[in-house]
$ cat run-v6.csv   # CSV, C-alpha atoms
chain,number,residue,atom,x,y,z
K,1,MET,CA,-16.3,19.8,-4.4
K,2,GLU,CA,-14.2,20.7,-7.3
K,3,LYS,CA,-12.3,17.8,-8.9
K,4,LYS,CA,-8.7,18.6,-9.6
K,5,GLU,CA,-7.3,18.0,-13.0
K,6,PRO,CA,-4.9,15.0,-13.2
K,7,PHE,CA,-1.3,15.7,-14.1
K,8,PHE,CA,-1.2,12.7,-16.5
K,9,ASP,CA,-1.8,14.8,-19.6
K,10,GLU,CA,1.2,16.9,-18.7
K,11,ILE,CA,3.3,13.8,-18.4
K,12,GLU,CA,2.1,12.2,-21.6
K,13,SER,CA,2.9,15.4,-23.5
K,14,GLU,CA,6.5,15.5,-22.5
K,15,ILE,CA,9.0,14.8,-25.2
K,16,TYR,CA,9.9,11.2,-25.6
K,17,SER,CA,13.5,10.1,-25.5
K,18,SER,CA,14.7,6.6,-26.3
K,19,PHE,CA,17.2,7.0,-23.4
K,20,ASP,CA,14.2,7.1,-21.0
K,21,LYS,CA,13.3,3.5,-21.8
K,22,PRO,CA,14.1,1.6,-18.7
K,23,PHE,CA,15.0,-1.8,-20.2
K,24,ASN,CA,16.4,-3.2,-23.5
K,25,PRO,CA,13.8,-4.4,-26.1
K,26,GLY,CA,14.8,-8.0,-25.5
K,27,GLU,CA,13.7,-7.7,-21.9
K,28,GLU,CA,10.1,-6.8,-22.6
K,29,ASN,CA,8.8,-10.3,-21.9
K,30,GLU,CA,11.0,-10.7,-18.9
K,31,LYS,CA,10.0,-10.3,-15.3
K,32,THR,CA,10.3,-6.5,-14.7
K,33,ALA,CA,9.5,-4.6,-11.6
K,34,LEU,CA,9.2,-1.0,-10.6
K,35,ILE,CA,9.9,0.2,-7.0
K,36,CYS,CA,8.1,3.3,-5.8
K,37,GLU,CA,9.7,3.8,-2.4
K,38,SER,CA,11.3,7.0,-1.1
K,39,SER,CA,13.3,5.4,1.8
K,40,PRO,CA,16.8,4.3,0.5
K,41,VAL,CA,16.9,1.6,3.2
K,42,LYS,CA,13.5,0.1,2.3
K,43,GLN,CA,14.3,0.6,-1.4
K,44,VAL,CA,17.4,-1.6,-1.1
K,45,ALA,CA,15.5,-4.2,0.9
K,46,VAL,CA,12.7,-4.4,-1.7
K,47,ARG,CA,15.2,-4.4,-4.6
K,48,THR,CA,17.2,-7.3,-3.0
K,49,ILE,CA,14.0,-9.4,-2.6
K,50,LEU,CA,12.8,-8.7,-6.2
K,51,GLU,CA,16.2,-9.5,-7.7
K,52,ARG,CA,16.3,-12.7,-5.7
K,53,MET,CA,12.9,-13.5,-7.3
K,54,GLY,CA,14.5,-13.0,-10.8
K,55,TYR,CA,13.1,-9.6,-11.6
K,56,TYR,CA,14.8,-6.8,-13.5
K,57,VAL,CA,14.3,-3.9,-11.2
K,58,ARG,CA,13.9,-0.2,-11.8
K,59,GLU,CA,13.4,2.4,-9.1
K,60,ALA,CA,11.7,5.8,-9.3
K,61,ALA,CA,12.3,8.9,-7.2
K,62,THR,CA,9.0,10.6,-7.8
K,63,HIS,CA,5.5,9.7,-8.9
K,64,ARG,CA,6.1,11.6,-12.2
K,65,GLU,CA,9.1,9.5,-12.9
K,66,SER,CA,7.2,6.3,-12.0
K,67,ILE,CA,4.4,7.1,-14.3
K,68,ARG,CA,6.8,8.0,-17.1
K,69,HIS,CA,8.5,4.6,-16.7
K,70,MET,CA,5.1,2.9,-16.7
K,71,GLN,CA,4.2,4.7,-20.0
K,72,LEU,CA,7.4,3.4,-21.6
K,73,HIS,CA,7.4,-0.2,-20.3
K,74,PRO,CA,4.7,-2.7,-19.3
K,75,TYR,CA,5.9,-3.8,-15.8
K,76,LYS,CA,4.8,-7.1,-14.5
K,77,LEU,CA,5.2,-6.1,-10.8
K,78,ILE,CA,5.0,-2.7,-9.2
K,79,VAL,CA,5.8,-2.2,-5.5
K,80,VAL,CA,4.6,1.2,-4.2
K,81,ASN,CA,4.6,2.8,-0.7
K,82,GLU,CA,1.1,4.0,0.1
K,83,ASN,CA,2.7,7.4,0.9
K,84,PHE,CA,5.1,7.5,-2.0
K,85,ASP,CA,6.0,11.1,-3.1
K,86,ALA,CA,2.7,12.4,-1.6
K,87,GLU,CA,1.6,14.7,1.3
K,88,SER,CA,-1.2,12.3,2.1
K,89,LYS,CA,-2.3,8.8,1.1
K,90,GLU,CA,-5.1,10.3,-1.0
K,91,ASP,CA,-2.6,12.2,-3.2
K,92,ASN,CA,-0.5,9.1,-4.2
K,93,GLY,CA,0.0,9.8,-8.0
K,94,VAL,CA,1.2,6.3,-8.7
K,95,LEU,CA,-1.9,4.6,-7.2
K,96,GLU,CA,-4.2,7.1,-8.9
K,97,TYR,CA,-2.5,6.4,-12.3
K,98,LEU,CA,-2.9,2.6,-11.8
K,99,ARG,CA,-6.6,3.0,-10.8
K,100,ASN,CA,-7.3,4.8,-14.1
K,101,LEU,CA,-5.6,2.3,-16.4
K,102,PRO,CA,-7.9,0.3,-18.6
K,103,MET,CA,-8.6,-3.0,-17.0
K,104,SER,CA,-7.1,-4.9,-19.9
K,105,VAL,CA,-3.8,-3.3,-19.1
K,106,ARG,CA,-4.1,-3.2,-15.3
K,107,ARG,CA,-5.0,-6.9,-15.1
K,108,ASP,CA,-1.5,-7.8,-16.3
K,109,ILE,CA,0.3,-5.8,-13.6
K,110,PHE,CA,0.6,-7.2,-10.1
K,111,VAL,CA,0.6,-4.2,-7.6
K,112,VAL,CA,2.0,-4.5,-4.1
K,113,MET,CA,1.3,-1.7,-1.7
K,114,LEU,CA,3.7,-1.2,1.2
K,115,SER,CA,1.9,0.2,4.3
K,116,ILE,CA,2.8,1.3,7.8
K,117,GLU,CA,-0.8,1.0,9.0
K,118,LYS,CA,-2.7,-1.6,6.9
K,119,ASN,CA,-2.5,-5.3,7.6
K,120,THR,CA,-0.5,-7.7,5.4
K,121,LEU,CA,-2.7,-9.9,3.2
K,122,GLU,CA,-5.8,-7.9,4.0
K,123,ASN,CA,-7.8,-8.7,0.8
K,124,MET,CA,-10.7,-6.4,1.2
K,125,THR,CA,-8.5,-3.5,1.9
K,126,ALA,CA,-6.3,-4.4,-1.1
K,127,PHE,CA,-9.4,-4.5,-3.3
K,128,ALA,CA,-10.6,-1.1,-1.9
K,129,GLU,CA,-7.1,0.4,-2.7
K,130,SER,CA,-7.1,-1.2,-6.2
K,131,VAL,CA,-4.0,-3.2,-5.5
K,132,ASN,CA,-3.4,-6.9,-5.6
K,133,LEU,CA,-1.6,-7.2,-2.3
K,134,ILE,CA,-0.7,-5.3,0.8
K,135,ILE,CA,2.4,-5.8,2.9
K,136,ASN,CA,2.9,-4.1,6.2
K,137,PHE,CA,6.4,-2.9,6.7
K,138,ASP,CA,6.6,-5.2,9.8
K,139,HIS,CA,6.5,-8.1,7.4
K,140,LEU,CA,9.0,-6.9,4.9
K,141,ASP,CA,11.4,-9.8,5.9
K,142,ASP,CA,8.8,-12.2,4.6
K,143,ALA,CA,7.9,-10.2,1.5
K,144,GLN,CA,9.4,-12.7,-1.0
K,145,SER,CA,7.1,-15.6,0.1
K,146,ILE,CA,4.1,-13.3,0.5
K,147,ILE,CA,4.6,-11.8,-3.0
K,148,GLU,CA,5.2,-15.3,-4.6
K,149,ARG,CA,2.0,-16.6,-2.9
K,150,GLY,CA,0.1,-13.5,-4.1
K,151,ILE,CA,1.2,-13.8,-7.7
K,152,ALA,CA,0.5,-17.6,-7.7
K,153,GLU,CA,-3.1,-17.0,-6.4
K,154,ASN,CA,-3.6,-14.1,-8.9
K,155,GLU,CA,-2.4,-16.2,-11.8
K,156,ALA,CA,-4.7,-19.1,-10.8
K,157,PHE,CA,-7.6,-16.7,-10.4
K,158,TYR,CA,-7.2,-15.2,-13.8
K,159,SER,CA,-6.0,-18.2,-15.8
K,160,ALA,CA,-9.4,-19.3,-17.0
K,161,PHE,CA,-10.4,-15.8,-17.9
K,162,LYS,CA,-7.2,-15.1,-19.8
K,163,SER,CA,-7.5,-18.4,-21.6
K,164,ALA,CA,-11.1,-17.6,-22.6
K,165,MET,CA,-10.1,-14.2,-23.8
K,166,LYS,CA,-7.2,-15.7,-25.9
K,167,ASN,CA,-9.5,-18.3,-27.4
K,168,ALA,CA,-12.1,-15.7,-28.3
K,169,GLY,CA,-9.3,-13.7,-30.1
K,170,TYR,CA,-9.3,-10.7,-27.7
K,171,VAL,CA,-5.6,-11.2,-26.7
$ encode --input "run-v6.csv" --output "structure tokens"
Amino acid sequence: MEKKEPFFDEIESEIYSSFDKPFNPGEENEKTALICESSPVKQVAVRTILERMGYYVREAATHRESIRHMQLHPYKLIVVNENFDAESKEDNGVLEYLRNLPMSVRRDIFVVMLSIEKNTLENMTAFAESVNLIINFDHLDDAQSIIERGIAENEAFYSAFKSAMKNAGYV
């Protein structure tokens, strides 16, 4: 089976414009989130939840736009629909891009996958999908507490590792 070439090189070679930067430089250490959701209704629901949690939120209309935003800003949280801007789940450009990030970069991004089929808080499925957390659309009303719990567990899990990396001079 022939492996198709990723479109990432094409995106990376596009001309950079400072107007593309999604946030002001002072906000780089702030809580920033990117929403990759095509449905305007679900987009508003997710935005409302994330803003209530104190995030500066940016939305993207396509996977190319999402990837461009990620190249220009280190987001703390990314919420992506498993079918975002794709004909099938296997063609999700955002998830593919995140899977190919160096682990040192990826480890600092908390990725929530929104799903119509997969179960909320299904850890093994989340691991297999290379995301931190799965939320089924049926549980979108409880997303704030689910995300807060997931982030807290993730931070607790990696705190010793990140501390050791910092003490060793790698961070």
$ residues_near_point --input "run-v6.csv" --point "(11.3, -11.7, -0.8)" --cutoff "12 Å" --atoms "all atoms listed in the file" --output "number ranges by chain"
K: 44-55, 79, 135, 139-150
$ atom_distance --input "run-v6.csv" --atom1 "CA of Gly169 in chain K" --atom2 "CA of Glu30 in chain K"
23.4 Å
$ closest_residue --input "run-v6.csv" --among "K:Phe161, K:Tyr75, K:Asn136, K:Asp108" --to "Thr120 in chain K" --atoms "only C-alpha atoms"
K:Asn136
$ residues_around --input "run-v6.csv" --residues "Ala60 in chain K" --least-positions-apart "6" --cutoff "7 Å" --atoms "all atoms listed in the file" --output "PDB file with C-alpha atoms, in the coordinates of the input"
ATOM      1  CA  ILE K  35       9.900   0.200  -7.000  1.00  0.00           C
ATOM      2  CA  CYS K  36       8.100   3.300  -5.800  1.00  0.00           C
ATOM      3  CA  SER K  66       7.200   6.300 -12.000  1.00  0.00           C
TER       4      SER K  66
END
$ atom_distance --input "run-v6.csv" --atom1 "CA of Ser88 in chain K" --atom2 "CA of Leu121 in chain K"
22.3 Å
$ closest_residue --input "run-v6.csv" --among "K:Asn81, K:Glu96, K:Met103, K:Val131" --to "Ile116 in chain K" --atoms "all atoms listed in the file"
K:Asn81
$ closest_residue --input "run-v6.csv" --among "K:Asn119, K:Asn132, K:Asn167, K:Thr62" --to "Asn83 in chain K" --atoms "all atoms listed in the file"
K:Thr62
$ atom_distance --input "run-v6.csv" --atom1 "CA of Asp85 in chain K" --atom2 "CA of His63 in chain K"
6.0 Å
$ closest_residue --input "run-v6.csv" --among "K:Ala160, K:Ala86, K:Leu101, K:Ala61" --to "Pro40 in chain K" --atoms "all atoms listed in the file"
K:Ala61
$ residues_near_point --input "run-v6.csv" --point "(-6.2, 6.8, -10.7)" --cutoff "12 Å" --atoms "only C-alpha atoms" --output "VMD selection string"
chain K and resid 5 to 8 67 90 to 103 106 129 to 131
$ closest_residue --input "run-v6.csv" --among "K:Asn154, K:Ile78, K:His73, K:Glu65" --to "Leu34 in chain K" --atoms "all atoms listed in the file"
K:Ile78
$ closest_residue --input "run-v6.csv" --among "K:Tyr170, K:Tyr158, K:Phe137, K:Phe127" --to "Gln43 in chain K" --atoms "all atoms listed in the file"
K:Phe137
$ build_atoms --input "run-v6.csv" --residues "range 74-89 of chain K" --atoms "N, CA and C atoms" --output "short mmCIF file (atom, residue, chain, number, x, y, z; two decimals), in the frame of the given file"
data_model
loop_
_atom_site.label_atom_id
_atom_site.label_comp_id
_atom_site.auth_asym_id
_atom_site.auth_seq_id
_atom_site.Cartn_x
_atom_site.Cartn_y
_atom_site.Cartn_z
N PRO K 74 5.79 -2.00 -20.02
CA PRO K 74 4.70 -2.70 -19.30
C PRO K 74 5.33 -3.59 -18.17
N TYR K 75 5.36 -3.05 -16.98
CA TYR K 75 5.90 -3.80 -15.80
C TYR K 75 5.01 -4.91 -15.41
N LYS K 76 5.60 -6.01 -14.98
CA LYS K 76 4.80 -7.10 -14.50
C LYS K 76 4.50 -6.95 -12.99
N LEU K 77 5.38 -6.24 -12.26
CA LEU K 77 5.20 -6.10 -10.80
C LEU K 77 5.56 -4.61 -10.46
N ILE K 78 4.70 -4.00 -9.67
CA ILE K 78 5.00 -2.70 -9.20
C ILE K 78 4.80 -2.70 -7.65
N VAL K 79 5.82 -2.25 -6.95
CA VAL K 79 5.80 -2.20 -5.50
C VAL K 79 5.78 -0.69 -5.14
N VAL K 80 4.72 -0.25 -4.47
CA VAL K 80 4.60 1.20 -4.20
C VAL K 80 4.22 1.41 -2.72
N ASN K 81 4.93 2.33 -2.10
CA ASN K 81 4.60 2.80 -0.70
C ASN K 81 3.33 3.57 -0.80
N GLU K 82 2.42 3.33 0.12
CA GLU K 82 1.10 4.00 0.10
C GLU K 82 1.31 5.56 0.23
N ASN K 83 2.44 6.01 0.76
CA ASN K 83 2.70 7.40 0.90
C ASN K 83 3.79 7.94 -0.04
N PHE K 84 4.04 7.21 -1.11
CA PHE K 84 5.10 7.50 -2.00
C PHE K 84 4.94 8.91 -2.66
N ASP K 85 5.90 9.80 -2.44
CA ASP K 85 6.00 11.10 -3.10
C ASP K 85 4.62 11.86 -2.95
N ALA K 86 4.00 11.79 -1.77
CA ALA K 86 2.70 12.40 -1.60
C ALA K 86 2.61 13.00 -0.17
N GLU K 87 1.83 14.07 -0.05
CA GLU K 87 1.60 14.70 1.30
C GLU K 87 0.64 13.84 2.09
N SER K 88 -0.27 13.16 1.40
CA SER K 88 -1.20 12.30 2.10
C SER K 88 -1.47 11.05 1.22
N LYS K 89 -2.03 10.03 1.82
CA LYS K 89 -2.30 8.80 1.10
C LYS K 89 -3.24 9.01 -0.10
#
